[in-house]
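First comes the structure, then the notes that go with it.
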Amino acid sequence: MENTLKYKYFHIIFVVAFYWAISILTVFVNKVLLSSDLVSLNAPLFVTWFQCIVSVILCLILKGCAALFPNCIYFPEGHPFKKDIVKKILPLSILFTGMIACNNLCLKHVGVAFYYIGRSLTTVFNVIFTFSILGERTSYGAVVCCLIIIFGFWLGVDQESLSGSLSIIGTIYGVLGSLTLSLYSIHTKHVLPAVNQEIWLLSYYNNVYSIFIFIPLMLINGEYKEIIEYNLFDEPFFWGIMIIGGICGFSIGYVTMLQIKVTSPLTHNISGTAKACVQTVLATYCYNESKPSLWWVSNFVVLFGSAAYARIKQLKMEEEHKKYTLLDQKTKI
């Protein structure tokens, strides 16, 4: 029993570390694409749409390679335009589109150092939706942790406002990103059985559907004029970094679902918040930014609240593991 539990923890740690590395790289690459002078393209949804196209192309390449070398490469069979598949997956794909759109719009308007705002309330939303949708009650200690996270979020916004760098629209997109990520994480667990737990296949479907969903969203956001007038489409640098961003987008989609699959929606959100705090430290170093003490306190308050919540959930997992193991032993007897 002890060895099984240790292996489970090791597997989770590996997946979480993999998620952190890919996610941090993706954020820095996307920041260059969304708001740097090197690219200067005011079309965040177009950038996200292109990343979905790259993801679909990569999935098709993997699918073709799996057909040629079935003993070396595996990619599950599936067709995204079957009626029953569309019916089951499309609601999740709408959440997926909203999640990546809100996150990129948040990143466009705020600095990488403050981007943790897009993850800090996800745990709180997850608790709310877990209770309202799944009917699962939360302990008093967990509620206190959520209040700590909310306080850290408020303090961070207050300090950003005092420094004169607060983006209201960026903060709103961050909160919406937290909300949609929470719903996406919960719904992913329900949808995975429809694709036989195949995260590659679900990633493929999500990106295929998102390509079509983004087209009207780009029109609503007024990006078509910006795209038509853009003058760097013939630059190899532009397409090079766009493709890199697409590869990162594909990778983060995969590792996100992998982390949800091997842990839980709540653990994934806690991991994302902790990763965002580390990301903040790296961003202030890379961009040579100086922040006041209370601004840093807000980061650590969010991290503390998330870590405390993770500890509560870890103790609960261990208790349930022991309970089911004891029950299994009694059944065998």
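We label chains A, B, ... in the order they appear in the structure tokens, count residues from 1 in each chain, and number ligands from 1 in the order shown.
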> Neighbours of region 81-98 of chain A within 10 Å (only C-alpha atoms; same-chain residues fewer than 2 positions away dropped), as a ChimeraX atom specification?
Replying inline: /A:45,48-49,52,78-79,100-104,176-177,179-188,190-192,194-195,202-203,205-211,213-214,217,253
>> At a cut-off of 8 Å, using only C-alpha atoms, what residues contact Cys248 (chain A)? Leave out same-chain residues fewer than 6 positions from it and give the result as a ChimeraX atom specification.
In response: /A:22,25-26
Just to be explicit: take each residue in the selection above, keep C-alpha atoms, and write the result as an mmCIF file, in the first residue's frame.
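Resulting contents of out10.cif:
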data_model
loop_
_atom_site.group_PDB
_atom_site.id
_atom_site.type_symbol
_atom_site.label_atom_id
_atom_site.label_comp_id
_atom_site.auth_asym_id
_atom_site.auth_seq_id
_atom_site.Cartn_x
_atom_site.Cartn_y
_atom_site.Cartn_z
ATOM 1 C CA ILE A 22 5.625 24.185 -20.534
ATOM 2 C CA LEU A 25 7.501 29.035 -21.477
ATOM 3 C CA THR A 26 4.112 29.476 -23.164
#
> Skipping near chain neighbours, those fewer than 2 positions away, what residues fall within 7 Å of Tyr116 (chain A) using only C-alpha atoms, listed as number ranges by chain?
Replying inline: A: 114, 118-120, 273, 276-277, 280
Please produce a file of those selected residues containing C-alpha atoms, as an mmCIF file, in the first residue's frame.
data_model
loop_
_atom_site.group_PDB
_atom_site.id
_atom_site.type_symbol
_atom_site.label_atom_id
_atom_site.label_comp_id
_atom_site.auth_asym_id
_atom_site.auth_seq_id
_atom_site.Cartn_x
_atom_site.Cartn_y
_atom_site.Cartn_z
ATOM 1 C CA PHE A 114 0.898 40.471 -12.682
ATOM 2 C CA GLY A 118 -5.576 34.989 -14.171
ATOM 3 C CA ARG A 119 -5.024 31.990 -11.901
ATOM 4 C CA SER A 120 -5.361 33.264 -8.342
ATOM 5 C CA THR A 273 -1.714 29.259 -9.029
ATOM 6 C CA ALA A 276 1.946 31.620 -11.564
ATOM 7 C CA CYS A 277 3.671 32.859 -8.391
ATOM 8 C CA THR A 280 5.935 36.242 -11.292
#
>> Show me, as a PyMOL selection string, the residues that have an atom within 8 Å of region 292-297 of chain A when counting only C-alpha atoms, minus same-chain residues fewer than 5 positions from it.
In response: chain A and resi 152+155-156+159-160
What are the nearest atom pairs, with distances in Å to one decimal, for all residues of region 184-286 of chain A that come at most 10 Å from region 109-112 of chain A, using only C-alpha atoms, set out by chain and rising residue number as CSV?
residue,atom,partner,partner_atom,distance
A:Ala276,CA,A:Val112,CA,9.2
A:Gln279,CA,A:Val112,CA,7.7
A:Thr280,CA,A:Val112,CA,6.6
A:Val281,CA,A:Val112,CA,9.6
A:Leu282,CA,A:Val112,CA,9.0
A:Ala283,CA,A:Val112,CA,5.8
A:Thr284,CA,A:Val112,CA,8.1
A:Cys286,CA,A:Val112,CA,9.9
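We find CA of Phe18 (chain A) and CA of Cys106 (chain A) to be spaced 23.5 Å apart.
Between CA of Ala310 (chain A) and CA of Gly170 (chain A) the interatomic distance comes to 27.4 Å.
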>> Counting only C-alpha atoms, which residue out of A:Gln197, A:Ser306, A:Ser290, A:Thr263 sits closest to Ile13 (chain A)?
In response: A:Thr263
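Proximity to Leu147 (chain A) at 12 Å, evaluated using only C-alpha atoms and with sequence-adjacent residues fewer than 2 positions away removed, yields Ser120, Leu121, Thr123, Val124, Phe125, Val127, Tyr140, Gly141, Ala142, Val143, Val144, Cys145, Ile149, Ile150, Phe151, Gly152, Phe153, Trp154, Val301, Val302, Phe304, Gly305, Ser306, Ala308 and Tyr309 of chain A.
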>> Report, in Å with one decimal, the straight-line distance from CA of Ile260 (chain A) to CA of Ser178 (chain A).
In response: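 Going from CA of Ile260 (chain A) over to CA of Ser178 (chain A) covers 15.4 Å.
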>> Counting only C-alpha atoms, which residue out of A:Val47, A:Val157, A:Ile128, A:Ala66 sits closest to Ile215 (chain A)?
In response: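 Answer, going by the shortest atom-to-atom distance: A:Val47.
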